[in-house]
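Notes follow the structure.
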Amino acid sequence: CVLFDSLFYSICLFFFFVFFFFFFFFFFFFFFFFFILHTNKHKIDSTNFQFYFNKTTTFCLRRGEIHFKTQKMSLAEEFVIDESLYSRQQLMMGETAMKRMASSNVFLSGLSGLGVEIAKNIALAGVKSLTLHDTVEASWRDLSTNFYITPEELGRNRAEIVHPKVHDLNPYTKCSISKIDLNTSDLSFLDEFKCVILTDAQLDQQIRINDYCHEKGIRFISADVRGVFTWAFCDFGENFEVFDKNGEELKEVLISNVTRANPGIVNTLPNHLHGLEDGDTVTFKEVRGMTELNGKQFPIKVLSPESFSIGDTSSFSEYEREGISVEVKNPFHITSLRLKDSLTNPSIVPSDFSKMESPIQIHVANLTLHRFITQYGKYPQPWNKSDSVAFLKMAVEVNATLKNPLEKLDEKLLEQFSFTSVGGIVALTSFTGGVVAQECLKALSGKYLPLNQWVYLDSVEVLPVLETDSSQFQPTNSRLDSQRVCLGQKLCDELAKTRLFMVGCGAIGCEMMKNYAMLGVATDFEGGITVTDNDLIEKSNLNRQFLFKTKDLQKPKSESAATAAKVMNPSIRVKPMLDKVSRDTENIFSDSFFANQHIIVNALDNIEARRYVDSRCVTSGKPLVESGTLGPKGHVQIVVPHMTESYGSTRDPPEKDVPFCTLKSFPNIIEHCVEWSRDSAFGGIFVSKPMQFNQLMDENNLIERLNQPYGSGLDLKIVRTTSRLLQGRPTNFVDCLSFARLKFESYFKKQSLQLLHSFPLDHKTDDKGTLFWTSPRRPPKPLDFDLNDETHCTFVIALARLWAEVWGIPYQNIETEKDNLAKVIASVAIPKFQPKSGKEIVTDEKAKKPEEKKPKSMDEEFEGHLKFLAEHFKQESPFKLKPIEFEKDDDSNGHIDFISSTSNLRARVYAIPEVDRLKVKAIAGRIMPAIATTTAAISGCASLEFLKLVIHLNKKDGLPIESFKNLFMNLALPFWAFTEPGVAAKQKIVGEATFTIWDRWDIRLGVDATLDQLLQFIKTSHKLDVGGVFKGVTMVFVPVIPTHMKRKTQKMRDLLKTKPGVKYEDLILTFSDDEGKDVSGPPVRFFFE
């Protein structure tokens, strides 16, 4: 018993200690876990559940395993960019800039509408941390522009309100709150920040903080929106380095000759434009003969689009042939003035070339405003005459302090500034918020050229005449108070009743929906917004399309955006739709649908869709706001019926197709390799052939027809493809790996050997001794498979995985590991290469892709395929393969792995520089670079034009064309060009008769009207003789055809073969011009009523 009791207590004590140990371990684990999650220096990769904290330690949770890694890490190693989220932005900013941003802290003061717009864009960009500072409580005036404040939150600190919503935008950006008094506090707390941004700050505060930042090397930005005026100022210090001024791809061009002279002249191949500018720097590679050029940098001077000089080459060797000129971007430094030093002599970047005097006038108004506030302790009151008089008088004094005083102040502009300075509109906060956020990213990264140093913009065109009753501009403690100060109650009411149709709800669409909510568009029962988009939300959208959150993934964009807009303004009336706007949906988006809208807005990402919507606007006579972005670039085009040209009035020249022979046999740039990999390799193996297989399986009475002579009309090409697929059918993953290894041999060795057999390196094309292998042709160098080469292995594994997916073959992850691959590769028998004599290789760049030769019906090969298939399907029922649809944004599917490895191996064969996976993904998926800053700025300008359209439609005589502005901008430079829209061109018919794209002749002659009545109507109404009547391509009436004269007495509905219930037919009428040539008139719509 004693022994038993001792043993029992010993066991209990053992289990007690075991329990205590595990309890302590798990308590420590969860405490440590949440400490990491909430620490001030964490980074979260939600895909792999990795948490990075401090700069040396990594805590990982992956596939149920726990790892702790402690090591010194470089900047490049520490920050791993989440490509699934940032791919579009990374294409624009680049990896270096992205990592610099991800290690930077930003301080932002002032959370008005402008401040929250800046915060949103910076958070989306993925900086390390963003501190939101404000000491002001939210008021009614914030609701017009601050989309994160609701009426229920008025009276709370603005930073506290917006903080959780900004923080929710991006898990990689840590957000915090500050309420410190910037006027009295020690500013040393700013030392941890790389960029400081001030909005809503008084001038003395701006100067104090700017002085501190300038001394400490902290980048400084201040900005504001006052009424319909906005500005920004940048000071990046005295030695700010820019490593890429414009973000454009390095320009490479093939050269044909370099002279030995002083200066040496470089000529490019014919029709190869170098695209360089004076002062650019280039280097050379692959030059034969004058090898001194290779690897050396030369500043250039442009002589023509196909030539430039590079300095003294007289001592160099003689140029022989070939070579590539490559642009070099060297870092450079810029110096900025302090704010206080630039006030009296500002450097202003022009924006609107039709208002060249406005920026300096607004600068005077800006300085006057701060002096007014200091003297009177208040802002000029809305539309207050006495305040505006005092403001103007003070502006005269301010003007006198400038280094170059203005000869004459614009009193009207100054009065407008005084009247609206306490107001604001979301269109301008959106524009300036995008501009300032992009300047902040420049400050953090050194990518792109900073603003030098001021920019000013106004939109006085949206203001009513100054004599308007001032009572409609006074605040009423309601949502639109700030906007009412600028636009007046009348325009606010018109906005509420507006009906608009927005096509697309991606990045620009989200920004526009936010702007509509803030503007109070469609908040009256007479108004309404219809938005349609057939896309679902992907993770990559979350980096720019800020209305969408992780919870919205795979949900319709239009529905999610509508829901988010209603949170911002519950009164907005939005109808989301999921239909694509195209000819196939004209039963949904009919003429009557368009007729019921006031304004159409394009938020699309492809040209053909834009052109289609534009054509519907022209047909229905509706105004269109068109906009788009490409990286830091963007455009806005306003289309006004019977006034401006349309979007389709001008077209860019079509892109040249790459010659078939170049893609197949003679690539010379990486784009050729990627296109071949996507279309020929991926498309051929995983799409085309499986689809042909399935097409044969769908044939009626397949087995019977296989046994009939010549396959009873079966497609010979498809029979051959199916037979070969079945003969090489894999039964397990080892077979798939073997198939992939043989494809490697075919793609990267045998094809090259065959090409060199047909065209040896010394092959000449003519009696003059012209070498075949000369620029732009590059001779291939066959590759031998190397198990130690990561790209080789990636190709084989990716191809095998996809081939297994096509055939429905399961496999384990362990089967894709290198050890297993080595075993399989060793067992694969590689047939010895046997060159094919007389094999035809297309070398003519003008030649089209030849049609694949079909086997003749009597060929023994074809009969053999039929026999094989017939025998096969006696033993197995027909089945189908799984063609693979290319999807660029799912990194787990292996599509980009295959295309990237194939592209780079093909590039290696032809000595073309290889590129990273993201670059391949962008080319293969036709991904456009994009960032939230550009989108915000463009949507702001598009919203300004939208406001003008509402005014135009509700004003008796409308607005003049000079009130509207098209925009092209490039935030990288930065550059803005606001220009007057092009006038709708007049087309001449005969004599004085003309028409524009907006003209359409609507003819109503009754249901039984005859052709002759139509002809007489045109002659009477327009004094024109009809030379022809057409319905599409069908000739309805051509007088020179004798039999057509009999048709004049026939009814139009019979001639046109109009179906019952059709209300009208669209016709084309032709006439003879003054020279006797046939010309078309405007579209004709013939109504049967």
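Each chain in the structure tokens gets a letter, A, B, ..., in the order shown, and its residues are numbered from 1; ligands are numbered from 1 in order too.
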
Give me every strand (DSSP E) residue in region 314-497 of chain A, going by DSSP on the backbone, as a list of chain:residue names.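 Answer for region 314-497 of chain A, restricted to strand (DSSP E): A:Ile324, A:Ser325, A:Val326, A:Glu327, A:Val328, A:Phe332, A:His333, A:Ile334, A:Ile348, A:Val349, A:Trp454, A:Val455, A:Tyr456, A:Leu457, A:Asp458.
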
Quick one: residues within 7 Å of region 558-572 of chain A, only C-alpha atoms, excluding same-chain residues fewer than 5 positions away - as a list in words?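 Residues meeting the cut-off are Phe147, Tyr148, Cys505, Cys510, Met513, Lys514, Ala517, Gly520, Val521, Ala522, Thr523, Val531, Thr532, Asp533, Leu547, Phe548, Asp552, Met577 and Leu578 of chain A.
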
Requested write-out: N, CA and C atoms of the selected residues, as a tab-separated table (two decimals), in the first residue's frame:
chain	number	residue	atom	x	y	z
A	147	PHE	N	-15.76	62.04	-46.37
A	147	PHE	CA	-16.65	60.90	-46.62
A	147	PHE	C	-16.63	59.88	-45.49
A	148	TYR	N	-15.79	60.07	-44.47
A	148	TYR	CA	-15.74	59.13	-43.35
A	148	TYR	C	-16.42	59.68	-42.09
A	505	CYS	N	-17.45	50.24	-62.63
A	505	CYS	CA	-17.35	50.61	-61.22
A	505	CYS	C	-16.06	50.05	-60.63
A	510	CYS	N	-15.35	53.84	-58.24
A	510	CYS	CA	-15.45	53.97	-56.77
A	510	CYS	C	-15.27	55.43	-56.36
A	513	MET	N	-18.37	57.40	-57.29
A	513	MET	CA	-19.49	57.12	-56.41
A	513	MET	C	-19.34	57.88	-55.09
A	514	LYS	N	-18.12	57.93	-54.57
A	514	LYS	CA	-17.86	58.72	-53.36
A	514	LYS	C	-18.17	60.19	-53.61
A	517	ALA	N	-21.92	60.86	-53.75
A	517	ALA	CA	-22.52	60.84	-52.41
A	517	ALA	C	-22.27	62.17	-51.69
A	520	GLY	N	-24.29	65.12	-53.11
A	520	GLY	CA	-25.74	65.03	-52.95
A	520	GLY	C	-26.45	64.74	-54.25
A	521	VAL	N	-25.78	64.07	-55.19
A	521	VAL	CA	-26.39	63.71	-56.47
A	521	VAL	C	-27.46	62.65	-56.24
A	522	ALA	N	-28.57	62.80	-56.93
A	522	ALA	CA	-29.64	61.79	-56.93
A	522	ALA	C	-30.16	61.50	-55.52
A	523	THR	N	-30.34	62.54	-54.72
A	523	THR	CA	-30.91	62.36	-53.39
A	523	THR	C	-32.38	62.76	-53.36
A	531	VAL	N	-25.71	52.32	-62.02
A	531	VAL	CA	-24.31	51.94	-62.23
A	531	VAL	C	-24.28	50.46	-62.60
A	532	THR	N	-23.53	50.13	-63.63
A	532	THR	CA	-23.46	48.73	-64.05
A	532	THR	C	-22.02	48.31	-64.22
A	533	ASP	N	-21.73	47.10	-63.79
A	533	ASP	CA	-20.40	46.50	-63.94
A	533	ASP	C	-20.57	45.00	-63.78
A	547	LEU	N	-13.69	51.59	-51.92
A	547	LEU	CA	-15.01	51.26	-51.39
A	547	LEU	C	-15.12	49.78	-51.06
A	548	PHE	N	-14.19	48.96	-51.55
A	548	PHE	CA	-14.26	47.52	-51.36
A	548	PHE	C	-13.32	47.09	-50.24
A	552	ASP	N	-15.70	41.87	-49.14
A	552	ASP	CA	-16.42	42.01	-50.40
A	552	ASP	C	-15.85	41.16	-51.52
A	577	MET	N	-26.40	47.42	-61.30
A	577	MET	CA	-26.71	46.40	-62.29
A	577	MET	C	-25.43	45.62	-62.60
A	578	LEU	N	-25.58	44.43	-63.15
A	578	LEU	CA	-24.44	43.55	-63.42
A	578	LEU	C	-24.27	43.28	-64.90

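The closest residue to Pro1039 (chain A), picked from A:Leu799, A:Ala984, A:Leu973, A:Leu1015 and counting only C-alpha atoms, is A:Leu1015.
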
For Gln1016 (chain A), the nearest of the candidates A:Glu357, A:Ile1003, A:Met1035, A:Pro632, counting only C-alpha atoms: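 For Gln1016 (chain A), the nearest of the candidates is A:Ile1003.
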
Tell me which of A:Asn262, A:Gln416, A:Ala609, A:Leu624 sits closest to Leu500 (chain A), counting only C-alpha atoms.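 The closest residue to Leu500 (chain A) is A:Leu624.
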
My list of candidates is A:Ser445, A:Ser87, A:Ser317, A:Gln297. Which is closest to Ala102 (chain A) when distances are computed with only C-alpha atoms? A:Ser445

Which residues come within 8 Å of Ile362 (chain A), counting only C-alpha atoms, excluding same-chain residues fewer than 2 positions away, as a VMD selection string? chain A and resid 229 358 to 360 364 to 366 413 to 414 456

Residues of region 703-768 of chain A within 7 Å of region 684-694 of chain A: nearest atom pair and distance (Å, one decimal) for each, counting only C-alpha atoms, sorted by chain and number, as a Markdown table?
| residue | atom | partner | partner_atom | distance |
| --- | --- | --- | --- | --- |
| A:Ile718 | CA | A:Gln692 | CA | 5.6 |
| A:Thr721 | CA | A:Lys689 | CA | 6.8 |
| A:Thr722 | CA | A:Phe693 | CA | 5.1 |

CA of Leu869 (chain A) to CA of Leu706 (chain A): how many Å, to one decimal?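 Atom-to-atom, CA of Leu869 (chain A) and CA of Leu706 (chain A) are spaced 7.1 Å apart.
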
Need to verify the contact set: Gly864 (chain A), 10 Å, only C-alpha atoms, exclusion of same-chain residues closer than 5 positions in sequence. Can you return it as a ChimeraX atom specification? /A:720,723,859,869-870

Go ahead and save the picked residues with C-alpha atoms, as a short mmCIF file (atom, residue, chain, number, x, y, z; two decimals), in the first residue's frame.
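Generated output (again-v3.cif):
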data_model
loop_
_atom_site.label_atom_id
_atom_site.label_comp_id
_atom_site.auth_asym_id
_atom_site.auth_seq_id
_atom_site.Cartn_x
_atom_site.Cartn_y
_atom_site.Cartn_z
CA ARG A 720 -5.25 13.77 -85.77
CA SER A 723 -5.39 10.57 -81.67
CA ASP A 859 -3.48 9.50 -96.25
CA LEU A 869 -9.54 5.97 -82.14
CA ALA A 870 -12.07 3.32 -83.14
#

With only C-alpha atoms as the counted atoms, please give the residues lying no more than 8 Å from region 232-241 of chain A, apart from itself and same-chain residues fewer than 6 positions off, as an MDAnalysis selection string. chainID A and resid 210 214 217:224 331:339 432 436 439 443 446 450:456

Residues of region 594-746 of chain A in alpha helix (DSSP H), written as a PyMOL selection string: chain A and resi 594-595+607-620+660-664+670-676+689-697+702-706+716-727+733-745

Find the residue from A:Leu169, A:Ile899, A:Val242, A:Val639 that sits nearest to Asn966 (chain A); use only C-alpha atoms when measuring.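 Of all the options, A:Val639 lies closest to Asn966 (chain A).
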
Between A:Ala395, A:Ile927, A:Ile324, A:Val574, which residue has the minimum interatomic distance to Asn606 (chain A), considering only C-alpha atoms?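 Checking each candidate against Asn606 (chain A), we get A:Ile927 as the closest.
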
Would you pick out the contacts of region 804-809 of chain A at 8 Å or less, using only C-alpha atoms, so that residues sharing its chain but fewer than 3 positions from it are not included, and give the list as a VMD selection string? chain A and resid 686 690 730 to 733 736 800 to 801 881 to 884

Just write the chosen residues, C-alpha atoms, as a PDB file, in the first residue's frame.
ATOM      1  CA  PHE A 686      -3.664  23.707 -72.442  1.00  0.00           C
ATOM      2  CA  PRO A 690      -8.019  20.029 -75.260  1.00  0.00           C
ATOM      3  CA  PRO A 730      -0.536  10.344 -69.073  1.00  0.00           C
ATOM      4  CA  THR A 731      -1.720   7.931 -66.408  1.00  0.00           C
ATOM      5  CA  ASN A 732       0.073   9.471 -63.424  1.00  0.00           C
ATOM      6  CA  PHE A 733       2.045  12.554 -62.462  1.00  0.00           C
ATOM      7  CA  CYS A 736       3.193  14.500 -66.783  1.00  0.00           C
ATOM      8  CA  ALA A 800       3.417  19.039 -65.481  1.00  0.00           C
ATOM      9  CA  ARG A 801       0.920  20.492 -62.992  1.00  0.00           C
ATOM     10  CA  LEU A 881     -10.463  16.987 -71.121  1.00  0.00           C
ATOM     11  CA  LYS A 882     -10.392  20.202 -69.143  1.00  0.00           C
ATOM     12  CA  PRO A 883      -9.187  23.177 -71.195  1.00  0.00           C
ATOM     13  CA  ILE A 884      -7.563  25.760 -68.933  1.00  0.00           C
TER      14      ILE A 884
END
